[in-house]
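my_file-v6.cif (mmCIF, C-alpha atoms and all ligand atoms)
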data_coords
#
loop_
_atom_site.label_atom_id
_atom_site.label_comp_id
_atom_site.auth_asym_id
_atom_site.auth_seq_id
_atom_site.Cartn_x
_atom_site.Cartn_y
_atom_site.Cartn_z
CA MET A 244 -49.68 -32.18 45.87
CA THR A 245 -48.19 -35.31 47.46
CA LYS A 246 -50.74 -38.07 47.92
CA ILE A 247 -50.28 -40.78 50.48
CA THR A 248 -52.47 -43.86 50.45
CA ILE A 249 -53.22 -45.15 53.91
CA LYS A 250 -53.81 -48.85 54.58
CA LYS A 251 -57.41 -49.81 55.21
CA GLY A 252 -57.30 -50.35 58.97
CA PHE A 253 -55.36 -47.15 59.55
CA SER A 254 -57.72 -45.17 57.30
CA GLU A 255 -60.46 -45.71 59.84
CA LYS A 256 -58.17 -44.55 62.61
CA ILE A 257 -57.40 -41.31 60.75
CA ARG A 258 -61.09 -40.74 60.07
CA GLU A 259 -61.66 -40.93 63.81
CA GLY A 260 -59.13 -38.16 64.38
CA TRP A 261 -55.77 -39.87 64.91
CA PRO A 262 -53.31 -37.11 63.87
CA LEU A 263 -49.92 -38.84 63.57
CA LEU A 264 -48.68 -40.35 60.30
CA THR A 265 -46.32 -43.28 60.78
CA LYS A 266 -44.66 -45.30 58.07
CA GLU A 267 -46.48 -48.54 58.86
CA MET A 268 -49.74 -46.72 58.01
CA VAL A 269 -48.57 -45.98 54.48
CA GLN A 270 -49.65 -48.25 51.64
CA GLN A 271 -48.23 -46.06 48.93
CA GLY A 272 -46.59 -42.67 48.55
CA ASP A 273 -43.40 -40.84 49.40
CA TYR A 274 -43.53 -39.95 53.06
CA ASP A 275 -39.91 -38.85 53.25
CA GLN A 276 -40.12 -35.27 51.98
CA GLU A 277 -39.71 -32.96 54.98
CA GLY A 278 -42.01 -29.98 54.99
CA ARG A 279 -44.25 -31.19 52.16
CA ILE A 280 -48.03 -30.77 52.46
CA PHE A 281 -49.76 -34.06 51.66
CA THR A 282 -53.23 -35.47 51.27
CA ALA A 283 -54.00 -38.77 52.95
CA ILE A 284 -56.42 -40.95 51.01
CA ASP A 285 -57.88 -44.36 51.74
CA PRO A 286 -57.21 -47.35 49.43
CA ARG A 287 -60.31 -46.46 47.40
CA GLY A 288 -58.99 -42.97 46.80
CA HIS A 289 -61.31 -41.16 49.19
CA PHE A 290 -60.02 -38.10 51.01
CA LEU A 291 -59.10 -38.62 54.67
CA ALA A 292 -57.13 -35.61 55.82
CA LYS A 293 -54.33 -33.18 54.96
CA GLY A 294 -51.07 -32.64 56.78
CA TYR A 295 -47.34 -32.01 56.50
CA LEU A 296 -44.42 -34.41 56.42
CA GLY A 297 -41.78 -34.18 59.12
CA ARG A 298 -39.77 -36.86 60.88
CA GLN A 299 -40.21 -36.83 64.65
CA ASN A 300 -39.47 -39.85 66.86
CA LYS A 301 -41.44 -42.64 65.27
CA GLY A 302 -43.67 -40.34 63.23
CA SER A 303 -43.37 -39.25 59.62
CA GLY A 304 -45.75 -36.30 59.76
CA TRP A 305 -48.87 -34.78 61.29
CA LEU A 306 -52.38 -34.42 59.95
CA LEU A 307 -53.70 -30.89 60.33
CA THR A 308 -57.16 -30.79 58.80
CA TRP A 309 -59.91 -33.26 58.06
CA ASP A 310 -61.65 -30.71 55.82
CA GLN A 311 -60.75 -31.15 52.16
CA HIS A 312 -61.37 -27.47 51.42
CA GLU A 313 -59.25 -26.02 54.20
CA GLU A 314 -55.90 -24.65 53.02
CA ILE A 315 -52.80 -25.01 55.16
CA ASP A 316 -51.37 -21.53 55.04
CA GLU A 317 -50.68 -18.52 57.24
CA ALA A 318 -54.41 -17.97 57.83
CA PHE A 319 -54.72 -21.57 59.00
CA PHE A 320 -51.85 -21.15 61.47
CA LYS A 321 -53.31 -17.87 62.68
CA LYS A 322 -56.65 -19.49 63.40
CA LYS A 323 -54.99 -22.27 65.39
CA ILE A 324 -52.93 -19.82 67.45
CA GLU A 325 -55.99 -17.65 68.13
CA SER A 326 -57.90 -20.66 69.32
CA ALA A 327 -54.99 -21.76 71.50
CA ALA A 328 -54.73 -18.29 73.06
CA SER A 329 -58.45 -18.17 73.78
CA HIS A 330 -58.16 -21.50 75.60
CA ARG A 331 -55.52 -19.95 77.89
CA GLU A 332 -57.46 -16.87 78.93
CA ALA A 333 -57.57 -18.01 82.54
CA PHE A 334 -53.76 -18.33 82.48
CA PHE A 335 -53.24 -14.87 80.98
CA GLU A 336 -55.44 -13.43 83.73
CA ASP A 337 -53.92 -15.36 86.63
CA ASN A 338 -51.68 -13.00 88.59
CA GLN A 339 -50.07 -15.82 90.57
CA THR A 340 -48.79 -17.75 87.53
CA ASP A 341 -47.14 -16.36 84.43
CA ALA A 342 -45.43 -19.43 82.99
CA PHE A 343 -47.62 -21.75 80.97
CA ARG A 344 -47.92 -23.57 77.67
CA LEU A 345 -49.68 -21.48 75.07
CA PHE A 346 -49.68 -24.03 72.28
CA ASN A 347 -49.43 -27.77 72.76
CA GLY A 348 -48.73 -29.45 69.43
CA GLU A 349 -51.50 -31.70 68.11
CA GLY A 350 -53.65 -30.78 71.12
CA ASP A 351 -53.91 -27.32 69.57
CA GLY A 352 -54.09 -28.62 66.03
CA ILE A 353 -50.45 -28.53 64.89
CA GLY A 354 -48.37 -31.54 65.86
CA GLY A 355 -44.63 -30.90 66.10
CA LEU A 356 -44.82 -27.38 67.53
CA THR A 357 -45.10 -26.16 71.09
CA ILE A 358 -45.09 -22.55 72.32
CA ASP A 359 -44.47 -21.75 75.97
CA HIS A 360 -45.16 -18.41 77.62
CA TYR A 361 -42.75 -17.11 80.25
CA ALA A 362 -43.78 -13.73 81.63
CA GLY A 363 -44.38 -12.14 78.24
CA HIS A 364 -41.53 -14.00 76.52
CA TYR A 365 -42.26 -16.92 74.23
CA LEU A 366 -40.36 -20.08 73.48
CA PHE A 367 -41.14 -21.93 70.24
CA THR A 368 -40.00 -25.56 70.03
CA TRP A 369 -39.85 -27.13 66.57
CA TYR A 370 -39.80 -30.91 66.64
CA SER A 371 -38.98 -31.63 62.98
CA LYS A 372 -37.34 -30.05 59.96
CA GLY A 373 -40.74 -30.39 58.32
CA ILE A 374 -42.52 -28.05 60.74
CA TYR A 375 -39.52 -25.72 60.73
CA ASP A 376 -40.12 -25.19 57.01
CA PHE A 377 -43.31 -23.33 58.03
CA ARG A 378 -41.45 -21.20 60.56
CA ASP A 379 -41.87 -17.85 58.79
CA GLU A 380 -45.62 -18.27 58.24
CA ILE A 381 -46.15 -19.46 61.80
CA LEU A 382 -44.10 -16.64 63.34
CA HIS A 383 -45.88 -14.11 61.19
CA ALA A 384 -49.26 -15.54 62.18
CA PHE A 385 -48.24 -15.48 65.84
CA GLU A 386 -47.20 -11.81 65.70
CA GLN A 387 -50.65 -10.89 64.46
CA VAL A 388 -52.30 -12.61 67.39
CA LEU A 389 -50.23 -11.83 70.48
CA PRO A 390 -47.95 -9.08 71.76
CA PHE A 391 -44.59 -10.32 73.03
CA LYS A 392 -41.44 -9.08 74.70
CA SER A 393 -39.19 -11.56 72.96
CA ILE A 394 -39.32 -14.82 71.03
CA TYR A 395 -36.80 -17.64 71.44
CA GLU A 396 -36.79 -21.03 69.75
CA LYS A 397 -35.47 -24.55 70.20
CA LYS A 398 -34.88 -26.87 67.30
CA ARG A 399 -35.20 -30.47 68.39
CA PHE A 400 -34.58 -32.31 65.18
CA ASP A 401 -31.15 -33.69 64.70
CA SER A 402 -31.14 -37.35 63.69
CA LYS A 403 -32.03 -38.46 67.22
CA GLY A 404 -34.66 -35.81 67.89
CA GLN A 405 -32.12 -34.07 70.06
CA TYR A 406 -31.69 -30.38 70.63
CA VAL A 407 -29.79 -28.49 67.91
CA GLU A 408 -27.24 -26.07 69.41
CA ASP A 409 -27.83 -22.57 68.19
CA ASP A 410 -28.33 -19.00 69.28
CA ASP A 411 -31.97 -19.41 70.20
CA PHE A 412 -32.95 -15.75 69.91
CA VAL A 413 -35.55 -14.95 67.23
CA LYS A 414 -36.88 -11.42 67.76
CA GLY A 415 -38.02 -8.76 70.19
CA GLU A 416 -35.70 -7.47 72.90
CA ARG A 417 -33.19 -9.81 74.46
CA PRO A 418 -34.00 -9.92 78.17
CA ASP A 419 -31.44 -10.44 80.93
CA PHE A 420 -31.39 -14.05 82.02
CA PRO A 421 -32.58 -15.60 84.17
CA LEU A 422 -36.14 -14.51 83.64
CA VAL A 423 -37.99 -14.68 86.93
CA VAL A 424 -41.38 -16.28 86.41
CA LYS A 425 -44.19 -16.90 88.87
CA GLU A 426 -45.98 -20.13 89.55
CA ASN A 427 -48.77 -20.14 92.10
CA GLY A 428 -46.98 -17.37 93.95
CA ALA A 429 -43.55 -19.04 93.94
CA HIS A 430 -40.68 -18.02 91.68
CA PHE A 431 -38.50 -19.82 89.19
CA ALA A 432 -35.39 -18.74 87.33
CA VAL A 433 -35.81 -19.57 83.66
CA TYR A 434 -33.30 -19.53 80.80
CA LEU A 435 -34.45 -19.47 77.19
CA ASN A 436 -30.93 -19.29 75.77
CA ASP A 437 -29.13 -22.06 77.58
CA GLY A 438 -29.50 -25.48 75.95
CA ALA A 439 -32.49 -27.72 75.53
CA MET A 440 -34.14 -27.16 78.91
CA THR A 441 -35.30 -23.93 80.53
CA GLY A 442 -35.09 -24.81 84.23
CA VAL A 443 -38.69 -25.76 84.88
CA PHE A 444 -41.08 -28.37 83.50
CA LEU A 445 -44.40 -26.57 83.28
CA ASP A 446 -46.47 -29.76 83.09
CA GLN A 447 -45.83 -30.53 86.79
CA ARG A 448 -47.39 -27.28 88.03
CA ASN A 449 -50.40 -28.88 89.72
CA VAL A 450 -48.26 -31.57 91.32
CA ARG A 451 -45.90 -28.98 92.79
CA LYS A 452 -48.85 -27.07 94.19
CA ALA A 453 -50.32 -30.20 95.78
CA ILE A 454 -46.96 -31.05 97.35
CA ARG A 455 -46.73 -27.56 98.85
CA ASP A 456 -50.34 -27.29 99.95
CA LYS A 457 -51.11 -30.83 101.08
CA TYR A 458 -48.16 -33.14 101.50
CA ALA A 459 -45.06 -31.28 102.73
CA GLU A 460 -45.81 -29.77 106.09
CA GLY A 461 -43.52 -31.13 108.81
CA LYS A 462 -42.12 -33.76 106.45
CA ASN A 463 -38.64 -34.95 105.64
CA MET A 464 -38.70 -34.99 101.84
CA LEU A 465 -36.59 -36.80 99.24
CA ASN A 466 -36.68 -35.56 95.65
CA THR A 467 -35.11 -38.02 93.21
CA PHE A 468 -34.16 -37.08 89.61
CA SER A 469 -34.49 -33.58 90.95
CA TYR A 470 -33.04 -31.52 88.03
CA THR A 471 -33.38 -27.89 89.30
CA GLY A 472 -35.16 -28.98 92.47
CA ALA A 473 -38.57 -27.55 91.61
CA PHE A 474 -40.42 -30.13 93.73
CA SER A 475 -38.01 -29.47 96.63
CA VAL A 476 -38.69 -25.75 96.44
CA PHE A 477 -42.43 -26.32 96.71
CA ALA A 478 -41.97 -28.81 99.55
CA ALA A 479 -39.83 -26.30 101.45
CA LEU A 480 -42.42 -23.57 100.83
CA GLY A 481 -45.05 -25.96 102.17
CA GLY A 482 -43.22 -26.38 105.45
CA ALA A 483 -41.07 -29.48 104.90
CA VAL A 484 -38.55 -29.73 107.75
CA LYS A 485 -35.90 -30.68 105.25
CA THR A 486 -35.53 -31.57 101.58
CA THR A 487 -32.93 -33.77 99.91
CA SER A 488 -32.54 -33.38 96.16
CA VAL A 489 -30.69 -36.06 94.21
CA ASP A 490 -29.61 -35.82 90.59
CA LEU A 491 -26.77 -37.24 88.55
CA ALA A 492 -25.96 -33.99 86.76
CA ASN A 493 -23.38 -31.64 88.28
CA ARG A 494 -25.32 -28.64 87.03
CA SER A 495 -28.22 -29.59 89.29
CA VAL A 496 -26.41 -28.16 92.34
CA PRO A 497 -26.05 -24.51 91.24
CA LYS A 498 -29.45 -24.74 89.51
CA THR A 499 -31.17 -25.97 92.67
CA ILE A 500 -29.40 -23.39 94.86
CA GLU A 501 -30.64 -20.73 92.46
CA GLN A 502 -34.28 -21.93 92.63
CA PHE A 503 -34.20 -22.06 96.44
CA SER A 504 -32.68 -18.59 96.56
CA MET A 505 -35.36 -17.19 94.24
CA ASN A 506 -37.84 -18.14 96.94
CA GLY A 507 -35.95 -16.90 99.96
CA ILE A 508 -35.20 -20.42 101.19
CA ASP A 509 -31.88 -21.04 102.94
CA TYR A 510 -30.35 -23.66 100.64
CA GLU A 511 -27.68 -24.51 103.20
CA ALA A 512 -30.40 -26.06 105.34
CA GLN A 513 -31.24 -28.42 102.45
CA ASP A 514 -29.27 -31.31 100.99
CA ILE A 515 -28.47 -31.12 97.30
CA LEU A 516 -26.60 -34.22 96.15
CA VAL A 517 -25.00 -35.24 92.88
CA ARG A 518 -25.60 -38.98 92.95
CA ASP A 519 -26.96 -41.82 90.91
CA VAL A 520 -30.44 -42.27 92.39
CA PHE A 521 -30.17 -46.06 92.28
CA ARG A 522 -26.96 -46.02 94.29
CA TYR A 523 -28.42 -43.48 96.66
CA PHE A 524 -31.35 -45.83 97.37
CA ASN A 525 -28.85 -48.56 98.27
CA TYR A 526 -26.96 -46.16 100.51
CA CYS A 527 -30.19 -45.26 102.33
CA VAL A 528 -31.11 -48.89 102.86
CA LYS A 529 -27.65 -49.70 104.25
CA ASN A 530 -27.66 -46.73 106.59
CA ASP A 531 -31.31 -46.91 107.56
CA VAL A 532 -32.11 -43.49 106.14
CA LYS A 533 -35.84 -42.96 105.64
CA PHE A 534 -38.12 -40.20 104.42
CA ASP A 535 -41.75 -39.22 104.99
CA LEU A 536 -42.25 -37.96 101.46
CA VAL A 537 -40.47 -39.38 98.40
CA VAL A 538 -40.88 -37.85 94.95
CA MET A 539 -39.74 -39.74 91.85
CA ASP A 540 -39.85 -38.19 88.42
CA PRO A 541 -37.36 -40.13 86.30
CA PRO A 542 -36.83 -39.63 82.57
CA SER A 543 -38.63 -42.30 80.50
CA PHE A 544 -35.25 -43.57 79.46
CA ALA A 545 -31.85 -42.94 81.01
CA ARG A 546 -28.44 -44.46 80.90
CA SER A 547 -25.87 -43.90 83.62
CA LYS A 548 -22.53 -45.68 84.04
CA LYS A 549 -23.97 -48.62 85.92
CA HIS A 550 -27.61 -48.53 84.96
CA THR A 551 -30.05 -48.36 82.12
CA PHE A 552 -33.48 -47.26 83.23
CA SER A 553 -36.55 -47.61 81.05
CA ALA A 554 -39.81 -46.54 82.66
CA SER A 555 -41.87 -49.21 80.93
CA LYS A 556 -39.56 -52.00 82.19
CA ASP A 557 -38.13 -50.69 85.42
CA TYR A 558 -40.69 -48.47 87.11
CA LYS A 559 -41.95 -51.31 89.26
CA ASN A 560 -38.48 -51.82 90.72
CA LEU A 561 -38.08 -48.12 91.29
CA VAL A 562 -41.27 -48.14 93.36
CA LYS A 563 -39.96 -51.13 95.31
CA GLN A 564 -36.79 -49.22 96.11
CA ALA A 565 -38.80 -46.18 97.15
CA ILE A 566 -40.93 -48.34 99.48
CA ASP A 567 -37.75 -49.47 101.28
CA ILE A 568 -36.84 -45.93 102.26
CA THR A 569 -40.28 -44.49 102.97
CA GLU A 570 -41.49 -44.28 106.57
CA LYS A 571 -44.71 -46.05 107.56
CA LYS A 572 -47.73 -43.89 106.67
CA GLY A 573 -45.45 -42.03 104.30
CA VAL A 574 -46.23 -40.63 100.89
CA ILE A 575 -44.62 -41.55 97.57
CA VAL A 576 -45.25 -39.31 94.59
CA ALA A 577 -44.62 -41.47 91.52
CA SER A 578 -44.49 -39.64 88.21
CA THR A 579 -43.74 -40.63 84.64
CA ASN A 580 -43.87 -38.89 81.30
CA ALA A 581 -43.52 -42.12 79.30
CA ALA A 582 -46.02 -42.02 76.43
CA SER A 583 -45.64 -45.75 75.77
CA PHE A 584 -48.04 -46.84 78.54
CA ASP A 585 -51.20 -45.43 80.11
CA MET A 586 -52.37 -44.72 83.66
CA LYS A 587 -53.89 -48.17 84.05
CA LYS A 588 -50.57 -49.82 83.25
CA PHE A 589 -48.72 -47.37 85.50
CA LYS A 590 -51.02 -48.24 88.39
CA SER A 591 -50.37 -51.92 87.72
CA PHE A 592 -46.58 -51.32 88.13
CA ILE A 593 -47.29 -49.68 91.47
CA ASP A 594 -49.61 -52.48 92.52
CA GLN A 595 -47.07 -55.17 91.61
CA ALA A 596 -44.33 -53.36 93.48
CA PHE A 597 -46.37 -53.21 96.71
CA LYS A 598 -47.53 -56.82 96.30
CA GLU A 599 -43.98 -58.05 95.86
CA LYS A 600 -42.98 -56.13 98.97
CA GLY A 601 -45.94 -57.51 100.88
CA MET A 602 -47.06 -53.97 101.67
CA ARG A 603 -50.39 -52.20 101.54
CA TYR A 604 -51.02 -48.80 100.04
CA LYS A 605 -53.66 -46.42 98.86
CA ILE A 606 -53.53 -44.08 95.86
CA ILE A 607 -54.88 -40.87 97.32
CA GLU A 608 -54.65 -38.63 94.29
CA THR A 609 -53.66 -38.79 90.62
CA PHE A 610 -52.63 -36.14 88.14
CA SER A 611 -52.45 -35.96 84.37
CA LEU A 612 -51.50 -32.99 82.21
CA PRO A 613 -52.71 -29.56 83.34
CA ASP A 614 -55.24 -27.62 81.24
CA ASP A 615 -52.65 -25.59 79.34
CA PHE A 616 -51.21 -28.85 77.98
CA ARG A 617 -54.24 -29.32 75.78
CA THR A 618 -54.53 -32.80 74.26
CA ALA A 619 -56.24 -34.17 71.16
CA GLU A 620 -59.07 -36.54 71.93
CA GLY A 621 -58.11 -38.79 69.05
CA TYR A 622 -54.53 -39.14 70.27
CA PRO A 623 -54.21 -40.76 73.71
CA PRO A 624 -50.35 -40.92 73.70
CA GLY A 625 -50.35 -37.11 73.76
CA ASP A 626 -51.77 -37.31 77.27
CA TYR A 627 -48.42 -38.61 78.51
CA LEU A 628 -48.14 -37.40 82.12
CA LYS A 629 -49.15 -39.79 84.89
CA VAL A 630 -48.66 -39.02 88.55
CA CYS A 631 -49.87 -41.09 91.51
CA VAL A 632 -49.75 -39.87 95.08
CA ILE A 633 -49.41 -43.04 97.12
CA GLN A 634 -49.95 -43.40 100.84
CA THR A 635 -48.07 -46.35 102.31
CA LEU A 636 -50.11 -48.22 104.92
N1 LIG B 1 -38.17 -33.96 88.42
C1 LIG B 1 -37.56 -32.88 87.69
C2 LIG B 1 -37.33 -33.23 86.24
C3 LIG B 1 -36.50 -34.47 86.03
S1 LIG B 1 -35.65 -34.47 84.52
C4 LIG B 1 -38.42 -31.62 87.80
O1 LIG B 1 -39.54 -31.69 88.29
O2 LIG B 1 -37.96 -30.56 87.39
C5 LIG B 1 -34.73 -35.92 84.72
C6 LIG B 1 -33.48 -35.74 85.56
O3 LIG B 1 -33.03 -37.05 85.92
C7 LIG B 1 -32.31 -35.06 84.86
O4 LIG B 1 -31.96 -33.90 85.58
C8 LIG B 1 -31.19 -36.10 84.89
O5 LIG B 1 -29.92 -35.54 85.17
C9 LIG B 1 -31.62 -37.00 86.03
N2 LIG B 1 -31.15 -38.40 86.01
C10 LIG B 1 -31.20 -39.30 85.00
N3 LIG B 1 -30.74 -40.51 85.43
C11 LIG B 1 -30.41 -40.37 86.73
C12 LIG B 1 -29.88 -41.24 87.72
N4 LIG B 1 -29.61 -42.52 87.45
N5 LIG B 1 -29.68 -40.75 88.96
C13 LIG B 1 -29.95 -39.45 89.25
N6 LIG B 1 -30.45 -38.59 88.35
C14 LIG B 1 -30.67 -39.03 87.10
#

Have the structure of the file written as structure tokens, please.
Ligand code: SAH
Amino acid sequence: MTKITIKKGFSEKIREGWPLLTKEMVQQGDYDQEGRIFTAIDPRGHFLAKGYLGRQNKGSGWLLTWDQHEEIDEAFFKKKIESAASHREAFFEDNQTDAFRLFNGEGDGIGGLTIDHYAGHYLFTWYSKGIYDFRDEILHAFEQVLPFKSIYEKKRFDSKGQYVEDDDFVKGERPDFPLVVKENGAHFAVYLNDGAMTGVFLDQRNVRKAIRDKYAEGKNMLNTFSYTGAFSVFAALGGAVKTTSVDLANRSVPKTIEQFSMNGIDYEAQDILVRDVFRYFNYCVKNDVKFDLVVMDPPSFARSKKHTFSASKDYKNLVKQAIDITEKKGVIVASTNAASFDMKKFKSFIDQAFKEKGMRYKIIETFSLPDDFRTAEGYPPGDYLKVCVIQTL
């Protein structure tokens, strides 16, 4: 078996439960063999943990067990999937929601793999060649634990961690797409066979519900980086007088029309715009267009023709731009999925933005990942979602 010696300082970190192997942790050993099981040892040769090698973003592999005697085999995978399923009992029983994450990578004990449940259909996402090498054992283990209508998969491991084009069908019966899934009584059209994304980001479920139930009524809402308009749909369902959805991608228009239509909302009464958000902010300032409720959920990193946006560098300025077009006593929902900074830092961006604008505000509510996106205690970056609901004063 491959042995990897971990530097002293990092050995302690692994002992405390840190599950990701990165190359700067390695003192000695070949960490470049995708799919290989390895034992991590400290510089004195003492056992730390066992895992598999697989390149994913900045990682070289994931640790799976801290028990020297535990084998990493089909029985191991089965145990992890059973435990994951038992943690989602409330989701399986919820008759208002049937789209949720069944298995969340290292949070459920296997970094590099997620499994999402969409109304009886499952989507496996493999984040490295290394984890994909265990595909047959993992699928076989899964089939022993849960019934399914169909299984689809996404491979996200070309050299840049991007989606690998493929026919994503694995087994079961091919359904007609879109699947119609439920979320807190609303509906979404979901595609498991159409590129890297399915049409809905499940981790924002609680934020969408709060927008519908608490923040939308009677409001003029702007949804920036709107993708398929999921936040707009919930705002409209919550009684927003109008929603405006802004996204750079042409596909966002038919996708957003589809999501509105799934929910019996007249999309012609809503604005759905293909625009660069940064230019749209400028347009609003010039034309004195303002909103009561502004939602911002940008990608952590994005490049458009005129702009490079990096959440860790530019979020403060984004908030400043949002302040300019938000009515007094308005609400800004600021969201980020950037794993490179934590909630404290995120709040400091918001604070700086308001200070520089000479404006007062109050954070009235915050969100992190919902319960189905289980996280590992020893791995804070896995808890990536940060959402602040900000009241402008
Ligand atoms: N908020 C969405 C998810 C956003 S995904 C939801 O809840 O479903 C990020 C989106 O930002 C993508 O659809 C992408 O097309 C869009 N995007 C990236 N840069 C942009 C820019 N400069 N202006 C407008 N949209 C942008």

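Put simply, atom CA of A:Ala327 is 9.1 Å away from atom CA of A:Gly350.
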
Selection as a PyMOL selection string: residues within 10 Å of ligand LIG 1 (chain B) by all atoms listed in the file: chain A and resi 440-448+450-451+466-475+488-495+499+516-524+538-552+578-580

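Going from atom CA of A:Trp305 to atom CA of A:Phe290 covers 15.5 Å.
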
Compile the contact shell of stretch 415-418 of chain A as a compact mmCIF listing (two decimals) with C-alpha atoms, in the coordinates of the input: residues with an atom at most 7 Å away, counting all atoms listed in the file, same-chain residues fewer than 3 positions apart removed.
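Output saved as selection.txt:
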# COMPACT_ATOMS: atom_id res chain seq x y z
CA LYS A 392 -41.44 -9.08 74.70
CA SER A 393 -39.19 -11.56 72.96
CA ILE A 394 -39.32 -14.82 71.03

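Among the candidates A:Phe400, A:Phe477, A:Phe592, A:Tyr526, the residue lying nearest to A:Met505 is A:Phe477 (atoms considered: all atoms listed in the file).
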
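One distance worth recording is that between atom CA of A:Gly288 and atom CA of A:Ile315, which is 20.8 Å.
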
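With distances restricted to all atoms listed in the file, A:Glu460 is the closest residue to A:Leu536 from A:Asp585, A:Asp341, A:Glu267, A:Glu460.
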
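Comparing the minimum interatomic distances between A:Leu345 and each of A:Lys590, A:Lys485, A:Arg331, A:Lys529, counting all atoms listed in the file, we find that A:Arg331 sits nearest.
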
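Among the candidates A:Val424, A:Met244, A:Leu291, A:Ile607, the one nearest to A:Ile257 when counting only C-alpha atoms is A:Leu291.
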
Identify, on the basis of only C-alpha atoms, every residue whose closest approach to stretch 373-376 of chain A does not exceed 7 Å; exclude the query and any residue fewer than 2 positions from it along the same chain; express the result as a compact mmCIF listing (two decimals) with C-alpha atoms, keeping the file's coordinate frame.
# COMPACT_ATOMS: atom_id res chain seq x y z
CA GLU A 277 -39.71 -32.96 54.98
CA GLY A 278 -42.01 -29.98 54.99
CA LEU A 296 -44.42 -34.41 56.42
CA GLY A 297 -41.78 -34.18 59.12
CA GLY A 355 -44.63 -30.90 66.10
CA TRP A 369 -39.85 -27.13 66.57
CA SER A 371 -38.98 -31.63 62.98
CA ARG A 378 -41.45 -21.20 60.56

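The closest residue to A:Ala577, picked from A:Tyr395, A:Ser591, A:Met602, A:Cys631 and counting all atoms listed in the file, is A:Cys631.
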
Distance criterion (all atoms listed in the file): nearest to A:Asp535 out of A:Ala292, A:Ala384, A:Ile500, A:Ile566: A:Ile566
